[in-house]
Structure formats: C-alpha cells, structure tokens
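Next comes work.cif, with mmCIF, C-alpha atoms.
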data_run
loop_
_atom_site.group_PDB
_atom_site.id
_atom_site.type_symbol
_atom_site.label_atom_id
_atom_site.label_comp_id
_atom_site.auth_asym_id
_atom_site.auth_seq_id
_atom_site.Cartn_x
_atom_site.Cartn_y
_atom_site.Cartn_z
ATOM 1 C CA MET A 1 24.373 -12.412 -16.553
ATOM 2 C CA ARG A 2 22.141 -13.571 -19.390
ATOM 3 C CA PRO A 3 18.600 -12.095 -19.451
ATOM 4 C CA PRO A 4 15.811 -14.618 -18.823
ATOM 5 C CA ALA A 5 14.550 -16.476 -21.854
ATOM 6 C CA GLN A 6 11.153 -15.531 -23.174
ATOM 7 C CA HIS A 7 9.198 -17.900 -25.321
ATOM 8 C CA HIS A 8 5.881 -16.807 -26.775
ATOM 9 C CA VAL A 9 3.944 -19.583 -28.461
ATOM 10 C CA HIS A 10 0.683 -18.927 -30.285
ATOM 11 C CA LYS A 11 -1.529 -21.234 -32.311
ATOM 12 C CA VAL A 12 0.515 -24.343 -31.581
ATOM 13 C CA GLY A 13 -1.127 -27.673 -30.866
ATOM 14 C CA ALA A 14 -0.258 -30.047 -28.041
ATOM 15 C CA ASP A 15 2.361 -31.929 -30.103
ATOM 16 C CA GLY A 16 4.053 -28.721 -31.262
ATOM 17 C CA LEU A 17 4.106 -27.333 -27.720
ATOM 18 C CA HIS A 18 5.641 -30.574 -26.441
ATOM 19 C CA HIS A 19 8.328 -30.377 -29.143
ATOM 20 C CA ILE A 20 9.154 -26.740 -28.322
ATOM 21 C CA ALA A 21 9.319 -27.485 -24.577
ATOM 22 C CA ASP A 22 11.685 -30.372 -25.196
ATOM 23 C CA GLY A 23 13.951 -28.058 -27.201
ATOM 24 C CA VAL A 24 13.902 -25.461 -24.400
ATOM 25 C CA ARG A 25 14.614 -28.201 -21.854
ATOM 26 C CA LYS A 26 17.674 -29.371 -23.788
ATOM 27 C CA GLN A 27 18.952 -25.875 -24.600
ATOM 28 C CA TYR A 28 18.855 -24.771 -20.956
ATOM 29 C CA HIS A 29 19.869 -28.142 -19.480
ATOM 30 C CA GLN A 30 16.640 -28.536 -17.526
ATOM 31 C CA GLU A 31 15.310 -31.778 -16.101
ATOM 32 C CA SER A 32 11.806 -30.808 -17.209
ATOM 33 C CA VAL A 33 9.777 -27.897 -18.555
ATOM 34 C CA LEU A 34 6.215 -27.161 -17.515
ATOM 35 C CA THR A 35 3.881 -26.245 -20.349
ATOM 36 C CA PHE A 36 0.390 -24.836 -20.099
ATOM 37 C CA ARG A 37 -1.985 -24.788 -23.048
ATOM 38 C CA CYS A 38 -5.077 -22.609 -22.584
ATOM 39 C CA LEU A 39 -8.314 -24.437 -23.287
ATOM 40 C CA PRO A 40 -11.995 -23.852 -22.617
ATOM 41 C CA ARG A 41 -12.962 -24.686 -19.047
ATOM 42 C CA THR A 42 -15.285 -27.400 -20.358
ATOM 43 C CA SER A 43 -12.715 -29.115 -22.589
ATOM 44 C CA PRO A 44 -12.149 -32.771 -21.730
ATOM 45 C CA ASP A 45 -8.385 -32.056 -21.835
ATOM 46 C CA THR A 46 -8.598 -29.313 -19.192
ATOM 47 C CA ASP A 47 -6.764 -30.541 -16.105
ATOM 48 C CA ALA A 48 -5.131 -27.408 -14.671
ATOM 49 C CA VAL A 49 -5.434 -23.702 -13.973
ATOM 50 C CA GLU A 50 -3.030 -20.843 -14.461
ATOM 51 C CA ILE A 51 -3.368 -18.031 -11.943
ATOM 52 C CA GLN A 52 -1.746 -14.662 -12.638
ATOM 53 C CA ALA A 53 -1.893 -11.891 -10.082
ATOM 54 C CA PRO A 54 -0.081 -8.582 -9.637
ATOM 55 C CA GLY A 55 1.699 -7.358 -6.541
ATOM 56 C CA VAL A 56 3.596 -10.447 -5.384
ATOM 57 C CA SER A 57 7.310 -10.584 -4.719
ATOM 58 C CA ALA A 58 9.484 -13.665 -5.084
ATOM 59 C CA ALA A 59 10.406 -13.358 -1.404
ATOM 60 C CA ARG A 60 6.738 -13.382 -0.357
ATOM 61 C CA LEU A 61 6.036 -16.428 -2.506
ATOM 62 C CA ARG A 62 9.033 -18.239 -1.012
ATOM 63 C CA GLU A 63 7.944 -17.394 2.540
ATOM 64 C CA ALA A 64 4.363 -18.483 1.867
ATOM 65 C CA LEU A 65 5.503 -21.833 0.456
ATOM 66 C CA LEU A 66 7.874 -22.400 3.371
ATOM 67 C CA ALA A 67 5.013 -21.708 5.786
ATOM 68 C CA ASP A 68 2.566 -24.033 4.002
ATOM 69 C CA PRO A 69 3.980 -27.556 3.570
ATOM 70 C CA GLU A 70 0.813 -28.813 1.871
ATOM 71 C CA ALA A 71 0.928 -26.087 -0.777
ATOM 72 C CA ARG A 72 4.667 -26.551 -1.245
ATOM 73 C CA GLU A 73 4.274 -30.314 -1.735
ATOM 74 C CA ARG A 74 1.150 -30.372 -3.888
ATOM 75 C CA LEU A 75 1.661 -27.219 -5.967
ATOM 76 C CA GLY A 76 5.430 -27.510 -6.299
ATOM 77 C CA GLY A 77 6.028 -23.769 -6.393
ATOM 78 C CA GLY A 78 5.294 -20.904 -8.690
ATOM 79 C CA SER A 79 6.973 -18.035 -10.483
ATOM 80 C CA VAL A 80 7.113 -14.293 -10.032
ATOM 81 C CA THR A 81 8.026 -12.036 -12.931
ATOM 82 C CA THR A 82 10.476 -9.173 -12.540
ATOM 83 C CA GLY A 83 7.418 -6.896 -12.552
ATOM 84 C CA GLY A 84 5.924 -8.615 -9.507
ATOM 85 C CA ARG A 85 3.291 -10.758 -11.224
ATOM 86 C CA LEU A 86 2.609 -14.173 -9.708
ATOM 87 C CA ILE A 87 2.244 -17.047 -12.165
ATOM 88 C CA LEU A 88 0.992 -20.234 -10.579
ATOM 89 C CA ILE A 89 -0.022 -23.359 -12.475
ATOM 90 C CA ALA A 90 -1.893 -25.953 -10.474
ATOM 91 C CA PRO A 91 -3.851 -29.121 -11.109
ATOM 92 C CA LEU A 92 -7.565 -28.382 -11.342
ATOM 93 C CA ALA A 93 -8.186 -30.531 -8.264
ATOM 94 C CA ASP A 94 -5.851 -28.225 -6.290
ATOM 95 C CA LEU A 95 -7.642 -24.991 -7.222
ATOM 96 C CA PRO A 96 -8.923 -24.472 -3.633
ATOM 97 C CA LEU A 97 -5.370 -24.909 -2.313
ATOM 98 C CA ALA A 98 -3.966 -22.514 -4.936
ATOM 99 C CA ARG A 99 -6.660 -19.997 -4.056
ATOM 100 C CA ARG A 100 -5.787 -20.307 -0.350
ATOM 101 C CA LEU A 101 -2.091 -19.765 -1.123
ATOM 102 C CA THR A 102 -2.781 -16.703 -3.245
ATOM 103 C CA ALA A 103 -5.057 -15.266 -0.529
ATOM 104 C CA GLY A 104 -2.211 -15.788 1.950
ATOM 105 C CA LEU A 105 -0.020 -13.731 -0.394
ATOM 106 C CA GLY A 106 -2.493 -10.877 -0.124
ATOM 107 C CA VAL A 107 -3.894 -11.343 -3.619
ATOM 108 C CA ASP A 108 -7.421 -10.063 -4.183
ATOM 109 C CA TRP A 109 -9.023 -12.938 -6.085
ATOM 110 C CA ASN A 110 -11.030 -10.398 -8.103
ATOM 111 C CA THR A 111 -7.795 -9.008 -9.576
ATOM 112 C CA ALA A 112 -6.357 -12.442 -10.408
ATOM 113 C CA LYS A 113 -6.593 -13.788 -13.937
ATOM 114 C CA VAL A 114 -7.546 -17.463 -13.939
ATOM 115 C CA SER A 115 -7.163 -19.480 -17.140
ATOM 116 C CA TYR A 116 -8.056 -23.110 -17.623
ATOM 117 C CA GLY A 117 -6.113 -25.573 -19.715
ATOM 118 C CA ASP A 118 -3.794 -28.541 -19.963
ATOM 119 C CA GLU A 119 -0.486 -28.781 -18.109
ATOM 120 C CA GLU A 120 2.359 -31.089 -19.030
ATOM 121 C CA PHE A 121 5.820 -31.632 -17.615
ATOM 122 C CA VAL A 122 8.074 -32.374 -20.579
ATOM 123 C CA SER A 123 11.133 -34.327 -19.523
#

Rewrite the structure of this file - the entire thing - as structure tokens.
Amino acid sequence: MRPPAQHHVHKVGADGLHHIADGVRKQYHQESVLTFRCLPRTSPDTDAVEIQAPGVSAARLREALLADPEARERLGGGSVTTGGRLILIAPLADLPLARRLTAGLGVDWNTAKVSYGDEEFVS
C-alpha cells in the first residue's frame, strides 16, 4: 500500500495553488481537489474556515456525519490524520454548523485551531 501523499505549499499565490491542485488531481485520478489558502480574516477573498483539532478518530467523524444529515450535506465531510487530528474546511457561512459538529465530536473549541481563508474545489 502506498503511503498517503503529502503536499506542502508555501508562498504560492491563488493561481499557483490552482495549478498545483490540478496536477495533484490528475496524478491521483481525482474528480476534484479542495484547496485552502490562508488569508487574514478581514480579506475580501476570505470565504471559508479551516478547523484543526486533536483527539478525533475517523470512525467518530464518520458516525457524527451519519447522525447529522445537515452537516453531512452542507459540510461534505472532513479528514482525520493518522495522528487523530481533525481537519475540517467549511464555508464561512457554515461556521456555526462546523462548530456544532466539532462539539459533537467532543472537541474543546479552545483547543481547536481556526484559520480563515479562501477555499476552492479544483476540477
């Protein structure tokens, strides 16, 4: 089994990030790739949040999404690293819903890292 791909991108603008995501999409035969570019909360391009929180298993995330049809539909899912760190990217308008989902996972909001930025599905 191939280890998961890791792509670290620093100091790349929106166009460069889009280009890289398209290459990843093609290389791994994906329909789309979600990108997130950190920006100041007040930036006019900020339209999403990235929430990272420790202590979440993939099974718990799956169960929480199955139990919450609204979160499943509007947020579309999330990721959990092999180390048990939740990574959830959500539209800014859905921040209250994302916060509710993370609380349901037992996440202490004070331990979560919330970053603001621009999300894009590259397809």

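In terms of minimum interatomic distance to Gly83 (chain A), A:Ala53 ranks closest within A:Phe121, A:Ala53, A:Ala103, A:Asp108, counting all atoms listed in the file.
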
Q. How would you write, as an NGL selection string, the residues chosen by the PyMOL selection byres ((chain A and resi 16-24) around 9) on this structure?
A. :A and (7 or 9 or 12-15 or 25-30 or 32-37 or 120-123)

Q: Taking the file above as input, evaluate the PyMOL selection byres ((chain A and resi 47) around 12) and report the hits as a PyMOL selection string.
A: chain A and resi 36-46+48-50+89-95+115-120

Q) Could you write out as a ChimeraX atom specification the residues that the PyMOL selection byres ((chain A and resi 58) around 10) matches in the shown file? A) /A:56-57,59-64,78-82,84-86

**Q.** d(CA of Ile51 (chain A), CA of Ile87 (chain A)) in Å
**A.**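 Value for the CA of Ile51 (chain A)-CA of Ile87 (chain A) distance: 5.7 Å.
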
Q. Leaving out Gly76 (chain A) and any residue of its chain fewer than 3 positions from it, which residues lie within 9 Å of it when counting only C-alpha atoms, given as a PyMOL selection string?
A. chain A and resi 65+71-73+90

Serialized selection, C-alpha atoms, as a short mmCIF file (atom, residue, chain, number, x, y, z; two decimals), keeping the file's coordinate frame:
data_model
loop_
_atom_site.label_atom_id
_atom_site.label_comp_id
_atom_site.auth_asym_id
_atom_site.auth_seq_id
_atom_site.Cartn_x
_atom_site.Cartn_y
_atom_site.Cartn_z
CA LEU A 65 5.50 -21.83 0.46
CA ALA A 71 0.93 -26.09 -0.78
CA ARG A 72 4.67 -26.55 -1.25
CA GLU A 73 4.27 -30.31 -1.74
CA ALA A 90 -1.89 -25.95 -10.47
#

Q: Grab the CA of Gly55 (chain A) to CA of Glu70 (chain A) distance for me, in Å with one decimal place.
A: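 Here the two named atoms are 23.1 Å from each other.
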
Q: Provide the CA of Thr111 (chain A) to CA of Leu88 (chain A) distance in Å, to one decimal place.
A: 14.3 Å

Using the structure block above, produce a file of region 59-72 of chain A that contains all heavy atoms, as a PDB file, in the first residue's frame.
ATOM      1  N   ALA A  59     -13.429   7.104  12.663  1.00  0.00           N
ATOM      2  CA  ALA A  59     -14.700   6.440  12.959  1.00  0.00           C
ATOM      3  C   ALA A  59     -15.670   7.403  13.632  1.00  0.00           C
ATOM      4  O   ALA A  59     -16.863   7.424  13.303  1.00  0.00           O
ATOM      5  CB  ALA A  59     -14.462   5.218  13.840  1.00  0.00           C
ATOM      6  N   ARG A  60     -15.173   8.206  14.576  1.00  0.00           N
ATOM      7  CA  ARG A  60     -16.054   9.182  15.239  1.00  0.00           C
ATOM      8  C   ARG A  60     -16.560  10.225  14.257  1.00  0.00           C
ATOM      9  O   ARG A  60     -17.723  10.631  14.320  1.00  0.00           O
ATOM     10  CB  ARG A  60     -15.331   9.854  16.404  1.00  0.00           C
ATOM     11  CG  ARG A  60     -15.366   8.987  17.642  1.00  0.00           C
ATOM     12  CD  ARG A  60     -14.860   9.621  18.917  1.00  0.00           C
ATOM     13  NE  ARG A  60     -14.991  11.034  19.082  1.00  0.00           N
ATOM     14  CZ  ARG A  60     -14.052  11.817  19.619  1.00  0.00           C
ATOM     15  NH1 ARG A  60     -12.909  11.305  20.012  1.00  0.00           N
ATOM     16  NH2 ARG A  60     -14.236  13.102  19.764  1.00  0.00           N
ATOM     17  N   LEU A  61     -15.698  10.689  13.370  1.00  0.00           N
ATOM     18  CA  LEU A  61     -16.138  11.667  12.376  1.00  0.00           C
ATOM     19  C   LEU A  61     -17.210  11.059  11.486  1.00  0.00           C
ATOM     20  O   LEU A  61     -18.242  11.685  11.216  1.00  0.00           O
ATOM     21  CB  LEU A  61     -14.957  12.155  11.537  1.00  0.00           C
ATOM     22  CG  LEU A  61     -15.321  13.109  10.391  1.00  0.00           C
ATOM     23  CD1 LEU A  61     -16.015  14.364  10.905  1.00  0.00           C
ATOM     24  CD2 LEU A  61     -14.080  13.458   9.588  1.00  0.00           C
ATOM     25  N   ARG A  62     -16.995   9.840  11.039  1.00  0.00           N
ATOM     26  CA  ARG A  62     -17.980   9.159  10.182  1.00  0.00           C
ATOM     27  C   ARG A  62     -19.317   9.026  10.891  1.00  0.00           C
ATOM     28  O   ARG A  62     -20.368   9.338  10.336  1.00  0.00           O
ATOM     29  CB  ARG A  62     -17.456   7.781   9.773  1.00  0.00           C
ATOM     30  CG  ARG A  62     -18.383   7.020   8.853  1.00  0.00           C
ATOM     31  CD  ARG A  62     -17.776   5.662   8.462  1.00  0.00           C
ATOM     32  NE  ARG A  62     -18.621   4.967   7.544  1.00  0.00           N
ATOM     33  CZ  ARG A  62     -19.676   4.246   7.898  1.00  0.00           C
ATOM     34  NH1 ARG A  62     -20.024   4.131   9.163  1.00  0.00           N
ATOM     35  NH2 ARG A  62     -20.410   3.636   6.987  1.00  0.00           N
ATOM     36  N   GLU A  63     -19.289   8.584  12.146  1.00  0.00           N
ATOM     37  CA  GLU A  63     -20.526   8.429  12.920  1.00  0.00           C
ATOM     38  C   GLU A  63     -21.239   9.763  13.111  1.00  0.00           C
ATOM     39  O   GLU A  63     -22.465   9.844  13.004  1.00  0.00           O
ATOM     40  CB  GLU A  63     -20.213   7.799  14.283  1.00  0.00           C
ATOM     41  CG  GLU A  63     -19.781   6.353  14.194  1.00  0.00           C
ATOM     42  CD  GLU A  63     -19.147   5.845  15.478  1.00  0.00           C
ATOM     43  OE1 GLU A  63     -19.137   6.575  16.501  1.00  0.00           O
ATOM     44  OE2 GLU A  63     -18.641   4.702  15.458  1.00  0.00           O
ATOM     45  N   ALA A  64     -20.479  10.806  13.400  1.00  0.00           N
ATOM     46  CA  ALA A  64     -21.079  12.129  13.606  1.00  0.00           C
ATOM     47  C   ALA A  64     -21.739  12.641  12.329  1.00  0.00           C
ATOM     48  O   ALA A  64     -22.835  13.221  12.372  1.00  0.00           O
ATOM     49  CB  ALA A  64     -20.021  13.116  14.089  1.00  0.00           C
ATOM     50  N   LEU A  65     -21.105  12.410  11.187  1.00  0.00           N
ATOM     51  CA  LEU A  65     -21.689  12.860   9.918  1.00  0.00           C
ATOM     52  C   LEU A  65     -22.921  12.029   9.551  1.00  0.00           C
ATOM     53  O   LEU A  65     -23.894  12.562   9.013  1.00  0.00           O
ATOM     54  CB  LEU A  65     -20.644  12.814   8.805  1.00  0.00           C
ATOM     55  CG  LEU A  65     -19.566  13.890   8.900  1.00  0.00           C
ATOM     56  CD1 LEU A  65     -18.435  13.600   7.936  1.00  0.00           C
ATOM     57  CD2 LEU A  65     -20.144  15.279   8.659  1.00  0.00           C
ATOM     58  N   LEU A  66     -22.883  10.739   9.845  1.00  0.00           N
ATOM     59  CA  LEU A  66     -24.058   9.908   9.591  1.00  0.00           C
ATOM     60  C   LEU A  66     -25.236  10.333  10.461  1.00  0.00           C
ATOM     61  O   LEU A  66     -26.387  10.274  10.030  1.00  0.00           O
ATOM     62  CB  LEU A  66     -23.739   8.436   9.828  1.00  0.00           C
ATOM     63  CG  LEU A  66     -22.871   7.767   8.773  1.00  0.00           C
ATOM     64  CD1 LEU A  66     -22.472   6.362   9.220  1.00  0.00           C
ATOM     65  CD2 LEU A  66     -23.578   7.727   7.429  1.00  0.00           C
ATOM     66  N   ALA A  67     -24.958  10.792  11.671  1.00  0.00           N
ATOM     67  CA  ALA A  67     -26.008  11.185  12.603  1.00  0.00           C
ATOM     68  C   ALA A  67     -26.529  12.598  12.354  1.00  0.00           C
ATOM     69  O   ALA A  67     -27.565  12.979  12.908  1.00  0.00           O
ATOM     70  CB  ALA A  67     -25.488  11.084  14.038  1.00  0.00           C
ATOM     71  N   ASP A  68     -25.834  13.376  11.539  1.00  0.00           N
ATOM     72  CA  ASP A  68     -26.211  14.772  11.310  1.00  0.00           C
ATOM     73  C   ASP A  68     -26.327  15.046   9.810  1.00  0.00           C
ATOM     74  O   ASP A  68     -25.373  15.489   9.180  1.00  0.00           O
ATOM     75  CB  ASP A  68     -25.167  15.693  11.944  1.00  0.00           C
ATOM     76  CG  ASP A  68     -25.580  17.155  11.964  1.00  0.00           C
ATOM     77  OD1 ASP A  68     -26.424  17.557  11.141  1.00  0.00           O
ATOM     78  OD2 ASP A  68     -25.037  17.887  12.805  1.00  0.00           O
ATOM     79  N   PRO A  69     -27.510  14.782   9.232  1.00  0.00           N
ATOM     80  CA  PRO A  69     -27.676  14.953   7.786  1.00  0.00           C
ATOM     81  C   PRO A  69     -27.378  16.371   7.301  1.00  0.00           C
ATOM     82  O   PRO A  69     -26.840  16.549   6.216  1.00  0.00           O
ATOM     83  CB  PRO A  69     -29.140  14.594   7.538  1.00  0.00           C
ATOM     84  CG  PRO A  69     -29.584  13.835   8.741  1.00  0.00           C
ATOM     85  CD  PRO A  69     -28.716  14.286   9.877  1.00  0.00           C
ATOM     86  N   GLU A  70     -27.707  17.371   8.108  1.00  0.00           N
ATOM     87  CA  GLU A  70     -27.438  18.751   7.689  1.00  0.00           C
ATOM     88  C   GLU A  70     -25.933  18.994   7.558  1.00  0.00           C
ATOM     89  O   GLU A  70     -25.470  19.555   6.565  1.00  0.00           O
ATOM     90  CB  GLU A  70     -28.046  19.747   8.671  1.00  0.00           C
ATOM     91  CG  GLU A  70     -27.809  21.188   8.252  1.00  0.00           C
ATOM     92  CD  GLU A  70     -28.293  22.206   9.269  1.00  0.00           C
ATOM     93  OE1 GLU A  70     -28.480  21.853  10.453  1.00  0.00           O
ATOM     94  OE2 GLU A  70     -28.469  23.360   8.869  1.00  0.00           O
ATOM     95  N   ALA A  71     -25.177  18.560   8.557  1.00  0.00           N
ATOM     96  CA  ALA A  71     -23.723  18.725   8.497  1.00  0.00           C
ATOM     97  C   ALA A  71     -23.138  17.936   7.341  1.00  0.00           C
ATOM     98  O   ALA A  71     -22.256  18.421   6.626  1.00  0.00           O
ATOM     99  CB  ALA A  71     -23.085  18.303   9.815  1.00  0.00           C
ATOM    100  N   ARG A  72     -23.609  16.719   7.162  1.00  0.00           N
ATOM    101  CA  ARG A  72     -23.106  15.869   6.072  1.00  0.00           C
ATOM    102  C   ARG A  72     -23.350  16.532   4.719  1.00  0.00           C
ATOM    103  O   ARG A  72     -22.469  16.570   3.866  1.00  0.00           O
ATOM    104  CB  ARG A  72     -23.780  14.500   6.141  1.00  0.00           C
ATOM    105  CG  ARG A  72     -23.248  13.504   5.152  1.00  0.00           C
ATOM    106  CD  ARG A  72     -23.865  12.126   5.333  1.00  0.00           C
ATOM    107  NE  ARG A  72     -25.316  12.125   5.136  1.00  0.00           N
ATOM    108  CZ  ARG A  72     -26.224  11.868   6.075  1.00  0.00           C
ATOM    109  NH1 ARG A  72     -25.846  11.582   7.307  1.00  0.00           N
ATOM    110  NH2 ARG A  72     -27.496  11.885   5.797  1.00  0.00           N
TER     111      ARG A  72
END
